[in-house]
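With mmCIF, N, CA and C atoms inside, this is my_file04.cif:
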data_run
#
loop_
_atom_site.label_atom_id
_atom_site.label_comp_id
_atom_site.auth_asym_id
_atom_site.auth_seq_id
_atom_site.Cartn_x
_atom_site.Cartn_y
_atom_site.Cartn_z
N MET A 1247 4.08 -12.13 14.66
CA MET A 1247 5.23 -11.52 15.30
C MET A 1247 4.77 -10.37 16.20
N ALA A 1248 5.53 -10.11 17.20
CA ALA A 1248 5.17 -9.11 18.19
C ALA A 1248 5.34 -7.69 17.67
N THR A 1249 4.65 -6.76 18.30
CA THR A 1249 4.79 -5.34 17.99
C THR A 1249 6.24 -4.92 18.22
N GLY A 1250 6.79 -4.16 17.28
CA GLY A 1250 8.15 -3.65 17.43
C GLY A 1250 9.24 -4.64 17.10
N SER A 1251 8.88 -5.76 16.47
CA SER A 1251 9.89 -6.77 16.17
C SER A 1251 10.56 -6.59 14.81
N GLY A 1252 10.18 -5.55 14.07
CA GLY A 1252 10.87 -5.26 12.82
C GLY A 1252 10.20 -5.79 11.56
N LYS A 1253 8.91 -6.07 11.63
CA LYS A 1253 8.20 -6.60 10.46
C LYS A 1253 8.21 -5.60 9.30
N THR A 1254 7.90 -4.34 9.59
CA THR A 1254 7.85 -3.34 8.52
C THR A 1254 9.24 -3.08 7.97
N PHE A 1255 10.25 -3.02 8.84
CA PHE A 1255 11.63 -2.83 8.38
C PHE A 1255 12.03 -3.95 7.41
N MET A 1256 11.69 -5.18 7.78
CA MET A 1256 12.00 -6.33 6.92
C MET A 1256 11.26 -6.21 5.59
N ALA A 1257 10.01 -5.78 5.63
CA ALA A 1257 9.23 -5.63 4.40
C ALA A 1257 9.81 -4.53 3.51
N VAL A 1258 10.20 -3.40 4.11
CA VAL A 1258 10.80 -2.30 3.34
C VAL A 1258 12.11 -2.76 2.72
N SER A 1259 12.89 -3.50 3.45
CA SER A 1259 14.14 -4.04 2.93
C SER A 1259 13.87 -4.97 1.74
N SER A 1260 12.85 -5.77 1.84
CA SER A 1260 12.47 -6.67 0.74
C SER A 1260 11.99 -5.88 -0.48
N VAL A 1261 11.22 -4.83 -0.24
CA VAL A 1261 10.75 -3.97 -1.33
C VAL A 1261 11.94 -3.33 -2.03
N TYR A 1262 12.92 -2.87 -1.26
CA TYR A 1262 14.12 -2.28 -1.86
C TYR A 1262 14.80 -3.28 -2.79
N ARG A 1263 14.93 -4.49 -2.35
CA ARG A 1263 15.57 -5.52 -3.20
C ARG A 1263 14.74 -5.83 -4.43
N LEU A 1264 13.43 -5.85 -4.28
CA LEU A 1264 12.55 -6.09 -5.44
C LEU A 1264 12.69 -4.98 -6.49
N VAL A 1265 12.74 -3.74 -6.03
CA VAL A 1265 12.82 -2.61 -6.94
C VAL A 1265 14.20 -2.53 -7.57
N LYS A 1266 15.24 -2.67 -6.75
CA LYS A 1266 16.60 -2.48 -7.25
C LYS A 1266 17.10 -3.67 -8.08
N PHE A 1267 16.95 -4.87 -7.57
CA PHE A 1267 17.56 -6.03 -8.22
C PHE A 1267 16.62 -6.82 -9.11
N ALA A 1268 15.33 -6.88 -8.74
CA ALA A 1268 14.37 -7.63 -9.56
C ALA A 1268 13.68 -6.72 -10.56
N LYS A 1269 14.01 -5.42 -10.51
CA LYS A 1269 13.47 -4.43 -11.45
C LYS A 1269 11.95 -4.35 -11.42
N ALA A 1270 11.37 -4.48 -10.22
CA ALA A 1270 9.92 -4.35 -10.09
C ALA A 1270 9.52 -2.92 -10.49
N LYS A 1271 8.51 -2.81 -11.34
CA LYS A 1271 8.05 -1.49 -11.78
C LYS A 1271 7.35 -0.74 -10.66
N ARG A 1272 6.53 -1.44 -9.92
CA ARG A 1272 5.77 -0.82 -8.85
C ARG A 1272 5.42 -1.90 -7.82
N VAL A 1273 5.41 -1.49 -6.56
CA VAL A 1273 5.07 -2.41 -5.48
C VAL A 1273 3.89 -1.83 -4.71
N LEU A 1274 2.89 -2.66 -4.47
CA LEU A 1274 1.75 -2.27 -3.67
C LEU A 1274 1.99 -2.75 -2.25
N PHE A 1275 1.96 -1.83 -1.31
CA PHE A 1275 2.11 -2.16 0.10
C PHE A 1275 0.74 -1.98 0.72
N LEU A 1276 0.10 -3.07 1.04
CA LEU A 1276 -1.28 -3.07 1.50
C LEU A 1276 -1.34 -3.13 3.02
N VAL A 1277 -2.10 -2.21 3.61
CA VAL A 1277 -2.23 -2.15 5.07
C VAL A 1277 -3.71 -2.24 5.45
N ASP A 1278 -3.93 -2.55 6.70
CA ASP A 1278 -5.29 -2.74 7.22
C ASP A 1278 -5.96 -1.42 7.58
N ARG A 1279 -5.18 -0.49 8.14
CA ARG A 1279 -5.72 0.79 8.60
C ARG A 1279 -4.80 1.92 8.17
N SER A 1280 -5.36 3.11 8.08
CA SER A 1280 -4.60 4.27 7.61
C SER A 1280 -3.41 4.60 8.51
N ASN A 1281 -3.57 4.41 9.83
CA ASN A 1281 -2.44 4.72 10.70
C ASN A 1281 -1.25 3.80 10.43
N LEU A 1282 -1.51 2.57 10.01
CA LEU A 1282 -0.42 1.66 9.64
C LEU A 1282 0.24 2.13 8.34
N GLY A 1283 -0.54 2.73 7.46
CA GLY A 1283 0.01 3.29 6.23
C GLY A 1283 0.93 4.46 6.52
N ARG A 1284 0.54 5.30 7.48
CA ARG A 1284 1.40 6.43 7.87
C ARG A 1284 2.69 5.93 8.49
N GLN A 1285 2.61 4.91 9.33
CA GLN A 1285 3.80 4.33 9.93
C GLN A 1285 4.71 3.71 8.86
N THR A 1286 4.10 3.07 7.88
CA THR A 1286 4.87 2.45 6.81
C THR A 1286 5.58 3.50 5.97
N LEU A 1287 4.89 4.59 5.64
CA LEU A 1287 5.53 5.67 4.89
C LEU A 1287 6.73 6.21 5.65
N LEU A 1288 6.58 6.39 6.95
CA LEU A 1288 7.69 6.87 7.78
C LEU A 1288 8.86 5.88 7.73
N GLU A 1289 8.56 4.60 7.75
CA GLU A 1289 9.62 3.57 7.68
C GLU A 1289 10.36 3.64 6.34
N PHE A 1290 9.62 3.85 5.24
CA PHE A 1290 10.27 4.01 3.93
C PHE A 1290 11.15 5.26 3.93
N GLN A 1291 10.68 6.34 4.55
CA GLN A 1291 11.44 7.59 4.58
C GLN A 1291 12.71 7.47 5.42
N GLN A 1292 12.70 6.62 6.42
CA GLN A 1292 13.85 6.46 7.31
C GLN A 1292 14.80 5.36 6.87
N TYR A 1293 14.38 4.50 5.95
CA TYR A 1293 15.19 3.35 5.55
C TYR A 1293 16.44 3.81 4.79
N VAL A 1294 17.59 3.41 5.29
CA VAL A 1294 18.86 3.72 4.65
C VAL A 1294 19.29 2.49 3.87
N THR A 1295 19.53 2.68 2.56
CA THR A 1295 19.89 1.55 1.71
C THR A 1295 21.26 1.01 2.10
N PRO A 1296 21.43 -0.31 2.06
CA PRO A 1296 22.68 -0.91 2.52
C PRO A 1296 23.87 -0.70 1.59
N ASP A 1297 23.62 -0.43 0.31
CA ASP A 1297 24.74 -0.35 -0.62
C ASP A 1297 25.36 1.04 -0.74
N ASP A 1298 24.57 2.11 -0.74
CA ASP A 1298 25.18 3.43 -0.88
C ASP A 1298 24.79 4.42 0.23
N GLY A 1299 24.01 3.98 1.20
CA GLY A 1299 23.72 4.80 2.36
C GLY A 1299 22.69 5.90 2.16
N ARG A 1300 22.06 5.96 1.00
CA ARG A 1300 21.01 6.97 0.79
C ARG A 1300 19.68 6.44 1.30
N LYS A 1301 18.77 7.36 1.55
CA LYS A 1301 17.42 6.97 2.00
C LYS A 1301 16.63 6.42 0.82
N PHE A 1302 15.73 5.50 1.12
CA PHE A 1302 14.89 4.89 0.09
C PHE A 1302 14.16 5.95 -0.72
N THR A 1303 13.61 6.95 -0.02
CA THR A 1303 12.81 7.97 -0.70
C THR A 1303 13.66 8.97 -1.49
N GLU A 1304 14.97 8.94 -1.32
CA GLU A 1304 15.86 9.74 -2.19
C GLU A 1304 16.03 9.06 -3.53
N LEU A 1305 15.89 7.75 -3.54
CA LEU A 1305 16.09 6.97 -4.77
C LEU A 1305 14.79 6.68 -5.51
N TYR A 1306 13.71 6.44 -4.77
CA TYR A 1306 12.46 6.01 -5.37
C TYR A 1306 11.30 6.81 -4.77
N ASN A 1307 10.29 7.06 -5.58
CA ASN A 1307 9.09 7.76 -5.11
C ASN A 1307 8.17 6.79 -4.39
N VAL A 1308 7.64 7.25 -3.27
CA VAL A 1308 6.71 6.46 -2.47
C VAL A 1308 5.46 7.30 -2.27
N GLN A 1309 4.29 6.69 -2.49
CA GLN A 1309 3.02 7.40 -2.36
C GLN A 1309 2.12 6.67 -1.37
N HIS A 1310 1.63 7.42 -0.38
CA HIS A 1310 0.59 6.89 0.50
C HIS A 1310 -0.73 7.40 -0.07
N LEU A 1311 -1.51 6.52 -0.65
CA LEU A 1311 -2.73 6.93 -1.36
C LEU A 1311 -3.74 7.56 -0.41
N LYS A 1312 -4.14 8.77 -0.76
CA LYS A 1312 -5.20 9.46 -0.03
C LYS A 1312 -6.35 9.78 -0.97
N SER A 1313 -6.21 9.38 -2.22
CA SER A 1313 -7.27 9.52 -3.22
C SER A 1313 -7.25 8.25 -4.07
N ASN A 1314 -8.15 8.17 -5.02
CA ASN A 1314 -8.22 6.97 -5.86
C ASN A 1314 -7.37 7.09 -7.11
N ALA A 1315 -6.32 7.88 -7.07
CA ALA A 1315 -5.43 8.06 -8.22
C ALA A 1315 -4.01 7.67 -7.85
N ILE A 1316 -3.41 6.83 -8.69
CA ILE A 1316 -2.02 6.42 -8.49
C ILE A 1316 -1.15 7.23 -9.44
N ASP A 1317 -0.15 7.89 -8.89
CA ASP A 1317 0.80 8.63 -9.71
C ASP A 1317 1.74 7.62 -10.37
N PRO A 1318 1.84 7.60 -11.70
CA PRO A 1318 2.62 6.57 -12.39
C PRO A 1318 4.13 6.63 -12.13
N VAL A 1319 4.64 7.73 -11.58
CA VAL A 1319 6.08 7.79 -11.32
C VAL A 1319 6.47 7.10 -10.01
N ASN A 1320 5.50 6.76 -9.19
CA ASN A 1320 5.80 6.14 -7.90
C ASN A 1320 6.18 4.68 -8.06
N ARG A 1321 7.19 4.28 -7.33
CA ARG A 1321 7.63 2.89 -7.34
C ARG A 1321 6.92 2.09 -6.26
N VAL A 1322 6.49 2.77 -5.19
CA VAL A 1322 5.79 2.10 -4.09
C VAL A 1322 4.51 2.86 -3.80
N CYS A 1323 3.40 2.13 -3.76
CA CYS A 1323 2.10 2.71 -3.40
C CYS A 1323 1.63 2.03 -2.12
N ILE A 1324 1.40 2.82 -1.10
CA ILE A 1324 0.90 2.32 0.17
C ILE A 1324 -0.58 2.67 0.22
N THR A 1325 -1.41 1.68 0.48
CA THR A 1325 -2.85 1.95 0.56
C THR A 1325 -3.52 0.96 1.51
N THR A 1326 -4.72 1.34 1.90
CA THR A 1326 -5.51 0.46 2.76
C THR A 1326 -6.31 -0.51 1.89
N ILE A 1327 -6.73 -1.59 2.50
CA ILE A 1327 -7.59 -2.57 1.83
C ILE A 1327 -8.88 -1.88 1.39
N GLN A 1328 -9.40 -0.99 2.23
CA GLN A 1328 -10.65 -0.30 1.94
C GLN A 1328 -10.52 0.56 0.68
N ARG A 1329 -9.42 1.31 0.54
CA ARG A 1329 -9.23 2.17 -0.62
C ARG A 1329 -9.02 1.32 -1.88
N LEU A 1330 -8.24 0.27 -1.78
CA LEU A 1330 -8.03 -0.60 -2.94
C LEU A 1330 -9.35 -1.20 -3.40
N TYR A 1331 -10.17 -1.63 -2.46
CA TYR A 1331 -11.48 -2.18 -2.79
C TYR A 1331 -12.32 -1.14 -3.53
N SER A 1332 -12.33 0.10 -3.03
CA SER A 1332 -13.14 1.14 -3.68
C SER A 1332 -12.61 1.45 -5.08
N MET A 1333 -11.30 1.38 -5.27
CA MET A 1333 -10.72 1.63 -6.59
C MET A 1333 -11.07 0.50 -7.57
N LEU A 1334 -10.97 -0.73 -7.10
CA LEU A 1334 -11.22 -1.88 -7.97
C LEU A 1334 -12.69 -2.03 -8.34
N THR A 1335 -13.56 -1.58 -7.48
CA THR A 1335 -14.99 -1.69 -7.76
C THR A 1335 -15.57 -0.43 -8.40
N GLY A 1336 -14.71 0.57 -8.63
CA GLY A 1336 -15.14 1.77 -9.32
C GLY A 1336 -15.98 2.71 -8.49
N GLN A 1337 -15.88 2.62 -7.19
CA GLN A 1337 -16.65 3.50 -6.32
C GLN A 1337 -16.02 4.90 -6.32
N PRO A 1338 -16.82 5.91 -6.00
CA PRO A 1338 -16.26 7.26 -5.92
C PRO A 1338 -15.29 7.36 -4.75
N GLU A 1339 -14.74 8.53 -4.55
CA GLU A 1339 -13.76 8.73 -3.48
C GLU A 1339 -14.24 8.15 -2.16
N LEU A 1340 -13.31 7.59 -1.43
CA LEU A 1340 -13.58 6.93 -0.17
C LEU A 1340 -13.53 7.93 0.98
N ASP A 1341 -14.46 7.82 1.89
CA ASP A 1341 -14.46 8.63 3.10
C ASP A 1341 -13.24 8.23 3.94
N PRO A 1342 -12.30 9.15 4.22
CA PRO A 1342 -11.08 8.80 4.95
C PRO A 1342 -11.34 8.17 6.32
N SER A 1343 -12.47 8.47 6.94
CA SER A 1343 -12.75 7.88 8.25
C SER A 1343 -12.93 6.36 8.16
N LEU A 1344 -13.31 5.86 6.99
CA LEU A 1344 -13.49 4.41 6.82
C LEU A 1344 -12.15 3.68 6.81
N GLU A 1345 -11.06 4.42 6.57
CA GLU A 1345 -9.73 3.80 6.55
C GLU A 1345 -9.10 3.72 7.93
N GLU A 1346 -9.74 4.31 8.91
CA GLU A 1346 -9.17 4.33 10.26
C GLU A 1346 -9.50 3.05 11.04
N LEU A 1347 -10.48 2.31 10.58
CA LEU A 1347 -10.86 1.06 11.24
C LEU A 1347 -10.45 -0.13 10.38
N SER A 1348 -10.26 -1.24 11.01
CA SER A 1348 -9.99 -2.48 10.29
C SER A 1348 -11.22 -2.84 9.46
N CYS A 1349 -11.00 -3.49 8.33
CA CYS A 1349 -12.12 -3.94 7.49
C CYS A 1349 -13.08 -4.81 8.29
N PHE A 1350 -12.55 -5.63 9.18
CA PHE A 1350 -13.39 -6.53 9.95
C PHE A 1350 -14.20 -5.80 11.01
N ASP A 1351 -13.77 -4.59 11.35
CA ASP A 1351 -14.53 -3.80 12.32
C ASP A 1351 -15.71 -3.09 11.66
N THR A 1352 -15.66 -2.91 10.34
CA THR A 1352 -16.69 -2.15 9.66
C THR A 1352 -17.81 -3.02 9.10
N LEU A 1353 -17.59 -4.31 8.95
CA LEU A 1353 -18.62 -5.21 8.42
C LEU A 1353 -19.39 -5.87 9.55
N PRO A 1354 -20.70 -5.98 9.42
CA PRO A 1354 -21.45 -6.77 10.41
C PRO A 1354 -21.01 -8.24 10.32
N ASP A 1355 -21.08 -8.95 11.42
CA ASP A 1355 -20.61 -10.35 11.45
C ASP A 1355 -21.23 -11.21 10.37
N ALA A 1356 -22.49 -11.01 10.08
CA ALA A 1356 -23.18 -11.84 9.09
C ALA A 1356 -22.63 -11.62 7.69
N ASP A 1357 -22.07 -10.43 7.40
CA ASP A 1357 -21.61 -10.12 6.05
C ASP A 1357 -20.14 -10.47 5.81
N LYS A 1358 -19.41 -10.86 6.82
CA LYS A 1358 -17.98 -11.07 6.69
C LYS A 1358 -17.62 -12.18 5.69
N GLU A 1359 -18.47 -13.19 5.56
CA GLU A 1359 -18.14 -14.29 4.67
C GLU A 1359 -19.03 -14.35 3.44
N LYS A 1360 -20.02 -13.49 3.31
CA LYS A 1360 -20.98 -13.59 2.22
C LYS A 1360 -20.60 -12.80 0.99
N GLU A 1361 -19.94 -11.67 1.15
CA GLU A 1361 -19.74 -10.77 0.02
C GLU A 1361 -18.69 -11.29 -0.96
N VAL A 1362 -19.10 -11.42 -2.21
CA VAL A 1362 -18.20 -11.79 -3.30
C VAL A 1362 -18.33 -10.71 -4.36
N VAL A 1363 -17.22 -10.16 -4.79
CA VAL A 1363 -17.24 -9.06 -5.74
C VAL A 1363 -16.48 -9.47 -6.99
N THR A 1364 -17.07 -9.16 -8.13
CA THR A 1364 -16.41 -9.42 -9.40
C THR A 1364 -15.76 -8.13 -9.87
N ILE A 1365 -14.50 -8.23 -10.24
CA ILE A 1365 -13.75 -7.07 -10.69
C ILE A 1365 -13.40 -7.27 -12.16
N GLN A 1366 -13.68 -6.26 -12.95
CA GLN A 1366 -13.36 -6.33 -14.36
C GLN A 1366 -11.86 -6.26 -14.56
N LYS A 1367 -11.34 -7.08 -15.49
CA LYS A 1367 -9.90 -7.08 -15.76
C LYS A 1367 -9.42 -5.71 -16.21
N SER A 1368 -10.24 -4.99 -16.96
CA SER A 1368 -9.83 -3.67 -17.45
C SER A 1368 -9.58 -2.70 -16.30
N ARG A 1369 -10.38 -2.78 -15.25
CA ARG A 1369 -10.22 -1.89 -14.10
C ARG A 1369 -8.89 -2.19 -13.40
N LEU A 1370 -8.59 -3.46 -13.24
CA LEU A 1370 -7.34 -3.87 -12.61
C LEU A 1370 -6.15 -3.46 -13.48
N LYS A 1371 -6.28 -3.65 -14.77
CA LYS A 1371 -5.20 -3.29 -15.69
C LYS A 1371 -4.93 -1.79 -15.65
N ASN A 1372 -5.97 -0.97 -15.54
CA ASN A 1372 -5.79 0.48 -15.45
C ASN A 1372 -5.03 0.88 -14.19
N LEU A 1373 -5.23 0.14 -13.11
CA LEU A 1373 -4.54 0.46 -11.86
C LEU A 1373 -3.06 0.13 -11.92
N ILE A 1374 -2.71 -0.96 -12.60
CA ILE A 1374 -1.31 -1.39 -12.56
C ILE A 1374 -0.48 -0.88 -13.74
N SER A 1375 -1.11 -0.27 -14.71
CA SER A 1375 -0.30 0.21 -15.85
C SER A 1375 0.23 1.59 -15.62
#

Taking this structure as input, can you express it in the form of structure tokens?
Amino acid sequence: MATGSGKTFMAVSSVYRLVKFAKAKRVLFLVDRSNLGRQTLLEFQQYVTPDDGRKFTELYNVQHLKSNAIDPVNRVCITTIQRLYSMLTGQPELDPSLEELSCFDTLPDADKEKEVVTIQKSRLKNLIS
């Protein structure tokens, strides 16, 4: 879909329905670059719910991850693929400059299809609980 066609608005609307009606405990909103995460956070802050007219962020906590810690009270966590990867593989804090580029821009062409990473179930469970 084209830029400005409402993809993020549609996604935020879907997240609202998941949280409100499907009782989702937490939703991960995964973005390619940090600037897209900032735009997404702004969209969540501006989204007016259709049933009572309040803003999404008045009803639910939204976190744009800037560290490797998820606050358990948040219903929506926005993060980059790079940060999620560093969290799942147990790497120390991620250099924020690495989140400004697409993942495909940071890997050499030869490595794009070779890397396979095993993630321990316990690490994943700690992130989602």

_If you run DSSP on the backbone here, which positions in range 1268-1346 of chain A get strand (DSSP E or B)? Please write them as a PyMOL selection string._
chain A and resi 1273-1277+1294+1301+1308-1310+1322-1326

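Take CA of Asp1298 in chain A and CA of Phe1267 in chain A: the distance between them is 14.2 Å.
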
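CA of Lys1266 in chain A is positioned 10.5 Å from CA of Arg1321 in chain A.
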
*asked:* If we count only C-alpha atoms and set the cut-off at 9 Å, which residues sit around Asn1314 in chain A, ignoring sequence neighbours fewer than 5 positions away in its own chain? Please answer as a list of chain:residue names.
replied: A:Arg1329, A:Leu1330, A:Ser1332, A:Met1333, A:Pro1338, A:Glu1339, A:Leu1340

*What residues come out when you apply the PyMOL selection byres ((chain A and resi 1280) around 6.5) to this file, written as a ChimeraX atom specification?*
/A:1277-1279,1281-1285,1326,1345-1347

*CA of Pro1318 in chain A to CA of Gly1252 in chain A: how many Å, to one decimal?*
29.0 Å

*Any chance you could work out the residue set of the PyMOL selection byres ((chain A and resi 1290) around 8) here, as a PyMOL selection string?*
chain A and resi 1254-1255+1258-1259+1284-1289+1291-1294+1301-1304+1308

Print the selection's residues with N, CA and C atoms to a file, as a PDB file, keeping the file's coordinate frame.
ATOM      1  N   THR A1254       7.900  -4.340   9.590  1.00  0.00           N
ATOM      2  CA  THR A1254       7.850  -3.340   8.520  1.00  0.00           C
ATOM      3  C   THR A1254       9.240  -3.080   7.970  1.00  0.00           C
ATOM      4  N   PHE A1255      10.250  -3.020   8.840  1.00  0.00           N
ATOM      5  CA  PHE A1255      11.630  -2.830   8.380  1.00  0.00           C
ATOM      6  C   PHE A1255      12.030  -3.950   7.410  1.00  0.00           C
ATOM      7  N   VAL A1258      10.200  -3.400   4.110  1.00  0.00           N
ATOM      8  CA  VAL A1258      10.800  -2.300   3.340  1.00  0.00           C
ATOM      9  C   VAL A1258      12.110  -2.760   2.720  1.00  0.00           C
ATOM     10  N   SER A1259      12.890  -3.500   3.450  1.00  0.00           N
ATOM     11  CA  SER A1259      14.140  -4.040   2.930  1.00  0.00           C
ATOM     12  C   SER A1259      13.870  -4.970   1.740  1.00  0.00           C
ATOM     13  N   ARG A1284       0.540   5.300   7.480  1.00  0.00           N
ATOM     14  CA  ARG A1284       1.400   6.430   7.870  1.00  0.00           C
ATOM     15  C   ARG A1284       2.690   5.930   8.490  1.00  0.00           C
ATOM     16  N   GLN A1285       2.610   4.910   9.330  1.00  0.00           N
ATOM     17  CA  GLN A1285       3.800   4.330   9.930  1.00  0.00           C
ATOM     18  C   GLN A1285       4.710   3.710   8.860  1.00  0.00           C
ATOM     19  N   THR A1286       4.100   3.070   7.880  1.00  0.00           N
ATOM     20  CA  THR A1286       4.870   2.450   6.810  1.00  0.00           C
ATOM     21  C   THR A1286       5.580   3.500   5.970  1.00  0.00           C
ATOM     22  N   LEU A1287       4.890   4.590   5.640  1.00  0.00           N
ATOM     23  CA  LEU A1287       5.530   5.670   4.890  1.00  0.00           C
ATOM     24  C   LEU A1287       6.730   6.210   5.650  1.00  0.00           C
ATOM     25  N   LEU A1288       6.580   6.390   6.950  1.00  0.00           N
ATOM     26  CA  LEU A1288       7.690   6.870   7.780  1.00  0.00           C
ATOM     27  C   LEU A1288       8.860   5.880   7.730  1.00  0.00           C
ATOM     28  N   GLU A1289       8.560   4.600   7.750  1.00  0.00           N
ATOM     29  CA  GLU A1289       9.620   3.570   7.680  1.00  0.00           C
ATOM     30  C   GLU A1289      10.360   3.640   6.340  1.00  0.00           C
ATOM     31  N   GLN A1291      10.680   6.340   4.550  1.00  0.00           N
ATOM     32  CA  GLN A1291      11.440   7.590   4.580  1.00  0.00           C
ATOM     33  C   GLN A1291      12.710   7.470   5.420  1.00  0.00           C
ATOM     34  N   GLN A1292      12.700   6.620   6.420  1.00  0.00           N
ATOM     35  CA  GLN A1292      13.850   6.460   7.310  1.00  0.00           C
ATOM     36  C   GLN A1292      14.800   5.360   6.870  1.00  0.00           C
ATOM     37  N   TYR A1293      14.380   4.500   5.950  1.00  0.00           N
ATOM     38  CA  TYR A1293      15.190   3.350   5.550  1.00  0.00           C
ATOM     39  C   TYR A1293      16.440   3.810   4.790  1.00  0.00           C
ATOM     40  N   VAL A1294      17.590   3.410   5.290  1.00  0.00           N
ATOM     41  CA  VAL A1294      18.860   3.720   4.650  1.00  0.00           C
ATOM     42  C   VAL A1294      19.290   2.490   3.870  1.00  0.00           C
ATOM     43  N   LYS A1301      18.770   7.360   1.550  1.00  0.00           N
ATOM     44  CA  LYS A1301      17.420   6.970   2.000  1.00  0.00           C
ATOM     45  C   LYS A1301      16.630   6.420   0.820  1.00  0.00           C
ATOM     46  N   PHE A1302      15.730   5.500   1.120  1.00  0.00           N
ATOM     47  CA  PHE A1302      14.890   4.890   0.090  1.00  0.00           C
ATOM     48  C   PHE A1302      14.160   5.950  -0.720  1.00  0.00           C
ATOM     49  N   THR A1303      13.610   6.950  -0.020  1.00  0.00           N
ATOM     50  CA  THR A1303      12.810   7.970  -0.700  1.00  0.00           C
ATOM     51  C   THR A1303      13.660   8.970  -1.490  1.00  0.00           C
ATOM     52  N   GLU A1304      14.970   8.940  -1.320  1.00  0.00           N
ATOM     53  CA  GLU A1304      15.860   9.740  -2.190  1.00  0.00           C
ATOM     54  C   GLU A1304      16.030   9.060  -3.530  1.00  0.00           C
ATOM     55  N   VAL A1308       7.640   7.250  -3.270  1.00  0.00           N
ATOM     56  CA  VAL A1308       6.710   6.460  -2.470  1.00  0.00           C
ATOM     57  C   VAL A1308       5.460   7.300  -2.270  1.00  0.00           C
TER      58      VAL A1308
END

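By chain and then residue number, the residues within 6.5 Å of Leu1311 in chain A are Cys1323, Ile1324 and Thr1325 of chain A, counting all atoms listed in the file and disregarding those fewer than 6 positions away in sequence.
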
For the residues selected in the previous step, produce a file with N, CA and C atoms as a PDB file, in the coordinates of the input.
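Wrote it out as out-v4.pdb, contents follow:
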ATOM      1  N   CYS A1323       3.400   2.130  -3.760  1.00  0.00           N
ATOM      2  CA  CYS A1323       2.100   2.710  -3.400  1.00  0.00           C
ATOM      3  C   CYS A1323       1.630   2.030  -2.120  1.00  0.00           C
ATOM      4  N   ILE A1324       1.400   2.820  -1.100  1.00  0.00           N
ATOM      5  CA  ILE A1324       0.900   2.320   0.170  1.00  0.00           C
ATOM      6  C   ILE A1324      -0.580   2.670   0.220  1.00  0.00           C
ATOM      7  N   THR A1325      -1.410   1.680   0.480  1.00  0.00           N
ATOM      8  CA  THR A1325      -2.850   1.950   0.560  1.00  0.00           C
ATOM      9  C   THR A1325      -3.520   0.960   1.510  1.00  0.00           C
TER      10      THR A1325
END
